[in-house]
>>> print(open('run-v9.cif').read())   # mmCIF, N, CA and C atoms
data_data
#
loop_
_atom_site.label_atom_id
_atom_site.label_comp_id
_atom_site.auth_asym_id
_atom_site.auth_seq_id
_atom_site.Cartn_x
_atom_site.Cartn_y
_atom_site.Cartn_z
N MET A 27 16.25 11.00 45.60
CA MET A 27 16.58 10.55 44.26
C MET A 27 15.42 10.84 43.30
N ALA A 28 14.21 10.53 43.73
CA ALA A 28 13.05 10.76 42.89
C ALA A 28 12.87 12.26 42.63
N TYR A 29 13.16 13.06 43.64
CA TYR A 29 13.04 14.51 43.48
C TYR A 29 14.01 15.02 42.41
N ILE A 30 15.24 14.54 42.44
CA ILE A 30 16.24 14.96 41.46
C ILE A 30 15.83 14.51 40.06
N LEU A 31 15.36 13.29 39.94
CA LEU A 31 14.90 12.78 38.65
C LEU A 31 13.76 13.64 38.11
N ARG A 32 12.85 13.99 39.01
CA ARG A 32 11.72 14.82 38.57
C ARG A 32 12.19 16.19 38.11
N GLN A 33 13.09 16.81 38.84
CA GLN A 33 13.55 18.15 38.50
C GLN A 33 14.41 18.16 37.24
N LYS A 34 15.18 17.11 37.00
CA LYS A 34 16.11 17.09 35.87
C LYS A 34 15.51 16.51 34.59
N VAL A 35 14.49 15.66 34.70
CA VAL A 35 13.96 14.98 33.52
C VAL A 35 12.51 15.34 33.25
N VAL A 36 11.65 15.14 34.22
CA VAL A 36 10.22 15.26 33.99
C VAL A 36 9.81 16.72 33.76
N VAL A 37 10.27 17.62 34.57
CA VAL A 37 9.86 19.02 34.44
C VAL A 37 10.32 19.62 33.10
N PRO A 38 11.58 19.41 32.66
CA PRO A 38 11.95 19.93 31.34
C PRO A 38 11.13 19.31 30.20
N MET A 39 10.77 18.03 30.33
CA MET A 39 9.95 17.42 29.29
C MET A 39 8.58 18.08 29.23
N LEU A 40 8.00 18.37 30.38
CA LEU A 40 6.70 19.03 30.40
C LEU A 40 6.79 20.44 29.82
N GLN A 41 7.89 21.13 30.09
CA GLN A 41 8.08 22.46 29.52
C GLN A 41 8.13 22.39 27.99
N ASN A 42 8.81 21.36 27.46
CA ASN A 42 8.87 21.20 26.01
C ASN A 42 7.50 20.93 25.42
N VAL A 43 6.70 20.14 26.10
CA VAL A 43 5.35 19.86 25.62
C VAL A 43 4.51 21.13 25.62
N ARG A 44 4.63 21.91 26.67
CA ARG A 44 3.84 23.14 26.76
C ARG A 44 4.24 24.14 25.67
N ASN A 45 5.51 24.16 25.31
CA ASN A 45 5.99 25.13 24.33
C ASN A 45 6.02 24.58 22.91
N SER A 46 5.58 23.35 22.70
CA SER A 46 5.70 22.75 21.37
C SER A 46 4.79 23.39 20.34
N SER A 47 3.72 24.02 20.76
CA SER A 47 2.81 24.61 19.79
C SER A 47 3.25 26.00 19.36
N GLY A 48 4.30 26.51 19.87
CA GLY A 48 4.79 27.84 19.51
C GLY A 48 4.56 28.80 20.66
N LYS A 49 5.34 29.84 20.68
CA LYS A 49 5.24 30.76 21.80
C LYS A 49 4.34 31.94 21.51
N SER A 50 3.97 32.13 20.23
CA SER A 50 3.14 33.29 19.93
C SER A 50 2.14 32.94 18.83
N ALA A 51 1.17 33.79 18.69
CA ALA A 51 0.16 33.59 17.65
C ALA A 51 0.77 33.76 16.27
N GLU A 52 1.78 34.62 16.14
CA GLU A 52 2.44 34.82 14.85
C GLU A 52 3.14 33.54 14.40
N SER A 53 3.79 32.87 15.34
CA SER A 53 4.46 31.62 15.02
C SER A 53 3.45 30.56 14.58
N LEU A 54 2.32 30.50 15.26
CA LEU A 54 1.27 29.55 14.88
C LEU A 54 0.73 29.87 13.48
N GLN A 55 0.56 31.15 13.19
CA GLN A 55 0.04 31.54 11.87
C GLN A 55 1.03 31.19 10.76
N LYS A 56 2.32 31.39 11.01
CA LYS A 56 3.34 31.03 10.02
C LYS A 56 3.33 29.53 9.75
N THR A 57 3.26 28.75 10.82
CA THR A 57 3.23 27.30 10.67
C THR A 57 1.99 26.85 9.92
N HIS A 58 0.86 27.44 10.23
CA HIS A 58 -0.39 27.11 9.54
C HIS A 58 -0.29 27.43 8.05
N THR A 59 0.25 28.58 7.73
CA THR A 59 0.39 28.98 6.32
C THR A 59 1.34 28.04 5.58
N LEU A 60 2.44 27.67 6.21
CA LEU A 60 3.39 26.75 5.59
C LEU A 60 2.75 25.39 5.33
N MET A 61 2.06 24.85 6.31
CA MET A 61 1.44 23.53 6.15
C MET A 61 0.34 23.56 5.10
N ARG A 62 -0.41 24.64 5.05
CA ARG A 62 -1.47 24.75 4.05
C ARG A 62 -0.87 24.83 2.65
N THR A 63 0.19 25.61 2.48
CA THR A 63 0.85 25.72 1.19
C THR A 63 1.42 24.37 0.74
N LEU A 64 2.07 23.67 1.65
CA LEU A 64 2.61 22.36 1.31
C LEU A 64 1.50 21.36 0.97
N SER A 65 0.38 21.44 1.69
CA SER A 65 -0.72 20.51 1.44
C SER A 65 -1.31 20.70 0.05
N PHE A 66 -1.36 21.92 -0.43
CA PHE A 66 -1.97 22.18 -1.74
C PHE A 66 -0.98 22.16 -2.89
N THR A 67 0.33 22.08 -2.61
CA THR A 67 1.31 22.05 -3.70
C THR A 67 2.11 20.75 -3.72
N ALA A 68 2.77 20.43 -2.63
CA ALA A 68 3.67 19.28 -2.62
C ALA A 68 2.92 17.95 -2.61
N VAL A 69 1.84 17.86 -1.88
CA VAL A 69 1.11 16.59 -1.78
C VAL A 69 0.51 16.18 -3.12
N PRO A 70 -0.19 17.07 -3.85
CA PRO A 70 -0.70 16.64 -5.16
C PRO A 70 0.41 16.24 -6.14
N MET A 71 1.54 16.92 -6.08
CA MET A 71 2.65 16.55 -6.96
C MET A 71 3.17 15.16 -6.60
N ALA A 72 3.28 14.85 -5.32
CA ALA A 72 3.76 13.53 -4.89
C ALA A 72 2.77 12.44 -5.29
N VAL A 73 1.48 12.71 -5.15
CA VAL A 73 0.47 11.73 -5.56
C VAL A 73 0.51 11.53 -7.07
N GLY A 74 0.68 12.60 -7.82
CA GLY A 74 0.78 12.49 -9.28
C GLY A 74 1.99 11.68 -9.71
N LEU A 75 3.13 11.94 -9.09
CA LEU A 75 4.33 11.16 -9.41
C LEU A 75 4.15 9.69 -9.07
N ALA A 76 3.50 9.39 -7.97
CA ALA A 76 3.26 8.00 -7.60
C ALA A 76 2.33 7.33 -8.61
N ALA A 77 1.32 8.06 -9.10
CA ALA A 77 0.41 7.49 -10.09
C ALA A 77 1.12 7.22 -11.41
N VAL A 78 1.97 8.14 -11.85
CA VAL A 78 2.73 7.94 -13.08
C VAL A 78 3.67 6.74 -12.93
N ASN A 79 4.32 6.63 -11.79
CA ASN A 79 5.21 5.50 -11.53
C ASN A 79 4.44 4.18 -11.57
N ALA A 80 3.28 4.12 -10.96
CA ALA A 80 2.48 2.90 -10.97
C ALA A 80 2.04 2.54 -12.38
N TYR A 81 1.66 3.55 -13.17
CA TYR A 81 1.24 3.30 -14.55
C TYR A 81 2.40 2.75 -15.38
N MET A 82 3.58 3.33 -15.22
CA MET A 82 4.74 2.87 -15.99
C MET A 82 5.13 1.45 -15.59
N LEU A 83 5.07 1.13 -14.31
CA LEU A 83 5.38 -0.23 -13.87
C LEU A 83 4.37 -1.23 -14.42
N GLU A 84 3.10 -0.84 -14.50
CA GLU A 84 2.09 -1.74 -15.05
C GLU A 84 2.30 -1.95 -16.54
N GLN A 85 2.71 -0.92 -17.26
CA GLN A 85 2.99 -1.09 -18.69
C GLN A 85 4.17 -2.03 -18.90
N LYS A 86 5.18 -1.92 -18.05
CA LYS A 86 6.33 -2.83 -18.15
C LYS A 86 5.89 -4.26 -17.84
N HIS A 87 5.00 -4.41 -16.88
CA HIS A 87 4.52 -5.74 -16.50
C HIS A 87 3.73 -6.39 -17.64
N LYS A 88 2.99 -5.59 -18.38
CA LYS A 88 2.19 -6.13 -19.49
C LYS A 88 3.07 -6.67 -20.62
N SER A 89 4.29 -6.20 -20.74
CA SER A 89 5.15 -6.64 -21.83
C SER A 89 5.70 -8.05 -21.61
N HIS A 90 5.60 -8.57 -20.40
CA HIS A 90 6.07 -9.93 -20.11
C HIS A 90 5.03 -10.93 -20.57
N HIS A 91 5.49 -12.07 -21.01
CA HIS A 91 4.58 -13.13 -21.43
C HIS A 91 4.36 -14.09 -20.27
N ARG A 92 3.16 -14.61 -20.18
CA ARG A 92 2.89 -15.57 -19.12
C ARG A 92 3.33 -16.96 -19.54
N LYS A 93 3.55 -17.80 -18.57
CA LYS A 93 3.99 -19.16 -18.84
C LYS A 93 2.84 -19.95 -19.47
N GLU A 94 3.20 -20.83 -20.36
CA GLU A 94 2.18 -21.69 -20.98
C GLU A 94 1.67 -22.69 -19.96
N TYR A 95 0.43 -23.08 -20.13
CA TYR A 95 -0.18 -24.05 -19.23
C TYR A 95 0.39 -25.43 -19.49
N ALA A 96 0.86 -26.08 -18.46
CA ALA A 96 1.34 -27.46 -18.54
C ALA A 96 0.60 -28.26 -17.46
N PRO A 97 -0.16 -29.25 -17.85
CA PRO A 97 -0.99 -29.97 -16.87
C PRO A 97 -0.18 -30.94 -16.01
N TYR A 98 0.60 -30.42 -15.10
CA TYR A 98 1.36 -31.27 -14.19
C TYR A 98 0.40 -31.91 -13.18
N ALA A 99 0.53 -33.20 -12.99
CA ALA A 99 -0.40 -33.92 -12.13
C ALA A 99 -0.31 -33.48 -10.67
N HIS A 100 0.89 -33.17 -10.20
CA HIS A 100 1.04 -32.80 -8.79
C HIS A 100 0.49 -31.41 -8.47
N LEU A 101 0.27 -30.58 -9.49
CA LEU A 101 -0.29 -29.25 -9.26
C LEU A 101 -1.81 -29.22 -9.35
N THR A 102 -2.40 -30.27 -9.89
CA THR A 102 -3.84 -30.26 -10.12
C THR A 102 -4.59 -31.17 -9.16
N ILE A 103 -3.98 -31.57 -8.07
CA ILE A 103 -4.66 -32.44 -7.11
C ILE A 103 -5.72 -31.64 -6.36
N ARG A 104 -6.95 -32.13 -6.42
CA ARG A 104 -8.06 -31.55 -5.66
C ARG A 104 -8.70 -32.69 -4.88
N THR A 105 -8.52 -32.72 -3.57
CA THR A 105 -9.11 -33.80 -2.78
C THR A 105 -10.60 -33.56 -2.56
N LYS A 106 -11.01 -32.30 -2.54
CA LYS A 106 -12.44 -31.99 -2.49
C LYS A 106 -12.64 -30.62 -3.13
N ALA A 107 -13.84 -30.38 -3.57
CA ALA A 107 -14.15 -29.13 -4.27
C ALA A 107 -14.15 -27.95 -3.30
N PHE A 108 -13.85 -26.77 -3.84
CA PHE A 108 -13.97 -25.56 -3.03
C PHE A 108 -15.45 -25.35 -2.70
N PRO A 109 -15.77 -24.77 -1.54
CA PRO A 109 -17.17 -24.62 -1.15
C PRO A 109 -17.90 -23.45 -1.82
N TRP A 110 -17.32 -22.82 -2.82
CA TRP A 110 -17.96 -21.71 -3.50
C TRP A 110 -17.90 -21.94 -5.01
N GLY A 111 -18.79 -21.30 -5.71
CA GLY A 111 -18.80 -21.36 -7.17
C GLY A 111 -18.91 -22.78 -7.69
N ASP A 112 -18.15 -23.08 -8.73
CA ASP A 112 -18.19 -24.41 -9.32
C ASP A 112 -17.28 -25.40 -8.60
N GLY A 113 -16.54 -24.95 -7.61
CA GLY A 113 -15.68 -25.82 -6.83
C GLY A 113 -14.30 -26.03 -7.42
N ASN A 114 -14.05 -25.47 -8.59
CA ASN A 114 -12.77 -25.67 -9.26
C ASN A 114 -11.92 -24.40 -9.29
N HIS A 115 -12.47 -23.29 -8.85
CA HIS A 115 -11.75 -22.01 -8.84
C HIS A 115 -11.51 -21.59 -7.40
N SER A 116 -10.33 -21.02 -7.14
CA SER A 116 -10.04 -20.52 -5.80
C SER A 116 -10.90 -19.29 -5.53
N LEU A 117 -10.91 -18.83 -4.29
CA LEU A 117 -11.79 -17.73 -3.91
C LEU A 117 -11.47 -16.44 -4.66
N PHE A 118 -10.21 -16.13 -4.85
CA PHE A 118 -9.80 -14.92 -5.55
C PHE A 118 -9.20 -15.27 -6.91
N HIS A 119 -9.86 -16.11 -7.65
CA HIS A 119 -9.36 -16.60 -8.93
C HIS A 119 -9.35 -15.47 -9.97
N ASN A 120 -8.26 -15.36 -10.72
CA ASN A 120 -8.13 -14.39 -11.79
C ASN A 120 -8.02 -15.16 -13.09
N LYS A 121 -8.99 -15.01 -13.97
CA LYS A 121 -9.06 -15.81 -15.20
C LYS A 121 -7.92 -15.52 -16.16
N LYS A 122 -7.31 -14.34 -16.05
CA LYS A 122 -6.24 -13.98 -16.98
C LYS A 122 -4.87 -14.48 -16.52
N THR A 123 -4.66 -14.61 -15.24
CA THR A 123 -3.32 -14.95 -14.75
C THR A 123 -3.23 -16.31 -14.08
N GLN A 124 -4.34 -16.92 -13.71
CA GLN A 124 -4.30 -18.22 -13.04
C GLN A 124 -5.01 -19.26 -13.90
N TRP A 125 -4.40 -20.41 -14.03
CA TRP A 125 -5.01 -21.47 -14.83
C TRP A 125 -5.89 -22.34 -13.96
N THR A 126 -6.84 -22.99 -14.61
CA THR A 126 -7.74 -23.91 -13.95
C THR A 126 -7.33 -25.33 -14.33
N PRO A 127 -7.24 -26.25 -13.38
CA PRO A 127 -6.83 -27.62 -13.69
C PRO A 127 -7.75 -28.25 -14.74
N GLY A 128 -7.13 -28.81 -15.77
CA GLY A 128 -7.87 -29.47 -16.83
C GLY A 128 -8.35 -28.53 -17.92
N VAL A 129 -8.35 -27.24 -17.67
CA VAL A 129 -8.85 -26.26 -18.63
C VAL A 129 -7.72 -25.38 -19.15
N GLY A 130 -6.87 -24.92 -18.27
CA GLY A 130 -5.82 -23.98 -18.63
C GLY A 130 -6.27 -22.56 -18.33
N TYR A 131 -5.72 -21.61 -19.06
CA TYR A 131 -6.11 -20.22 -18.88
C TYR A 131 -7.46 -19.99 -19.55
N GLU A 132 -8.34 -19.24 -18.89
CA GLU A 132 -9.69 -19.04 -19.40
C GLU A 132 -9.82 -17.79 -20.26
N GLU A 133 -8.96 -16.80 -20.07
CA GLU A 133 -9.01 -15.57 -20.85
C GLU A 133 -7.62 -15.23 -21.35
N ASP A 134 -7.58 -14.40 -22.41
CA ASP A 134 -6.30 -13.98 -22.97
C ASP A 134 -5.60 -13.01 -22.02
N TRP A 135 -4.30 -12.94 -22.16
CA TRP A 135 -3.45 -12.10 -21.34
C TRP A 135 -3.50 -10.67 -21.82
N TYR A 136 -3.97 -9.74 -21.01
CA TYR A 136 -4.00 -8.30 -21.27
C TYR A 136 -4.56 -7.95 -22.64
N CYS A 137 -5.81 -8.22 -22.82
CA CYS A 137 -6.49 -7.84 -24.06
C CYS A 137 -7.27 -6.58 -23.87
#
>>> encode(input="run-v9.cif", output="structure tokens")
Amino acid sequence: MAYILRQKVVVPMLQNVRNSSGKSAESLQKTHTLMRTLSFTAVPMAVGLAAVNAYMLEQKHKSHHRKEYAPYAHLTIRTKAFPWGDGNHSLFHNKKTQWTPGVGYEEDWYC
């Protein structure tokens, strides 16, 4: 049984691996030329399109207004200060988008 499995499955798989790089130097050269051409043409265009898309999404995001600060008591509970800075700001605090309890927003939105 193991012999049949080896002859029908394993050996053909090994043959495919051996032949996967191409059967001739000409085939390898064609593949190399194709990949090089795609790397210098298609990849920069895709990166450029992704950058334009990200820029347009950010411009759309800037047009939204942020919520006004409302000092809700249940959102401003601090049982102890944070161990960094002044103790009132989170570790990755953003002054434009996150409010500080008792103070509100510290900077204007997208200036």
>>> closest_residue(input="run-v9.cif", among="A:Leu54, A:Arg92, A:Gly74, A:Gly111", to="Thr123 of chain A", atoms="all atoms listed in the file")
A:Arg92
>>> axis_aligned_box(input="run-v9.cif", around="segment 69-77 of chain A", padding_each_side="4 Å", output="AutoDock Vina command-line options")
--center_x 1.8 --center_y 12.5 --center_z -6.6 --size_x 13.0 --size_y 18.6 --size_z 17.6
>>> atom_distance(input="run-v9.cif", atom1="atom N of Val69 of chain A", atom2="atom C of Tyr81 of chain A")
20.3 Å
>>> resolve_selection(input="run-v9.cif", expression="the PyMOL selection byres (((chain A and resi 134 and name CA) around 12) and name CA)", output="list in words")
His91, Arg92, Glu94, Asn120, Lys121, Lys122, Thr123, Gln124, Trp125, Gly130, Tyr131, Glu132, Glu133, Trp135, Tyr136 and Cys137 of chain A
>>> atom_distance(input="run-v9.cif", atom1="atom N of Val78 of chain A", atom2="atom C of Thr57 of chain A")
28.7 Å
>>> atom_distance(input="run-v9.cif", atom1="atom CA of Val129 of chain A", atom2="atom CA of His87 of chain A")
24.6 Å
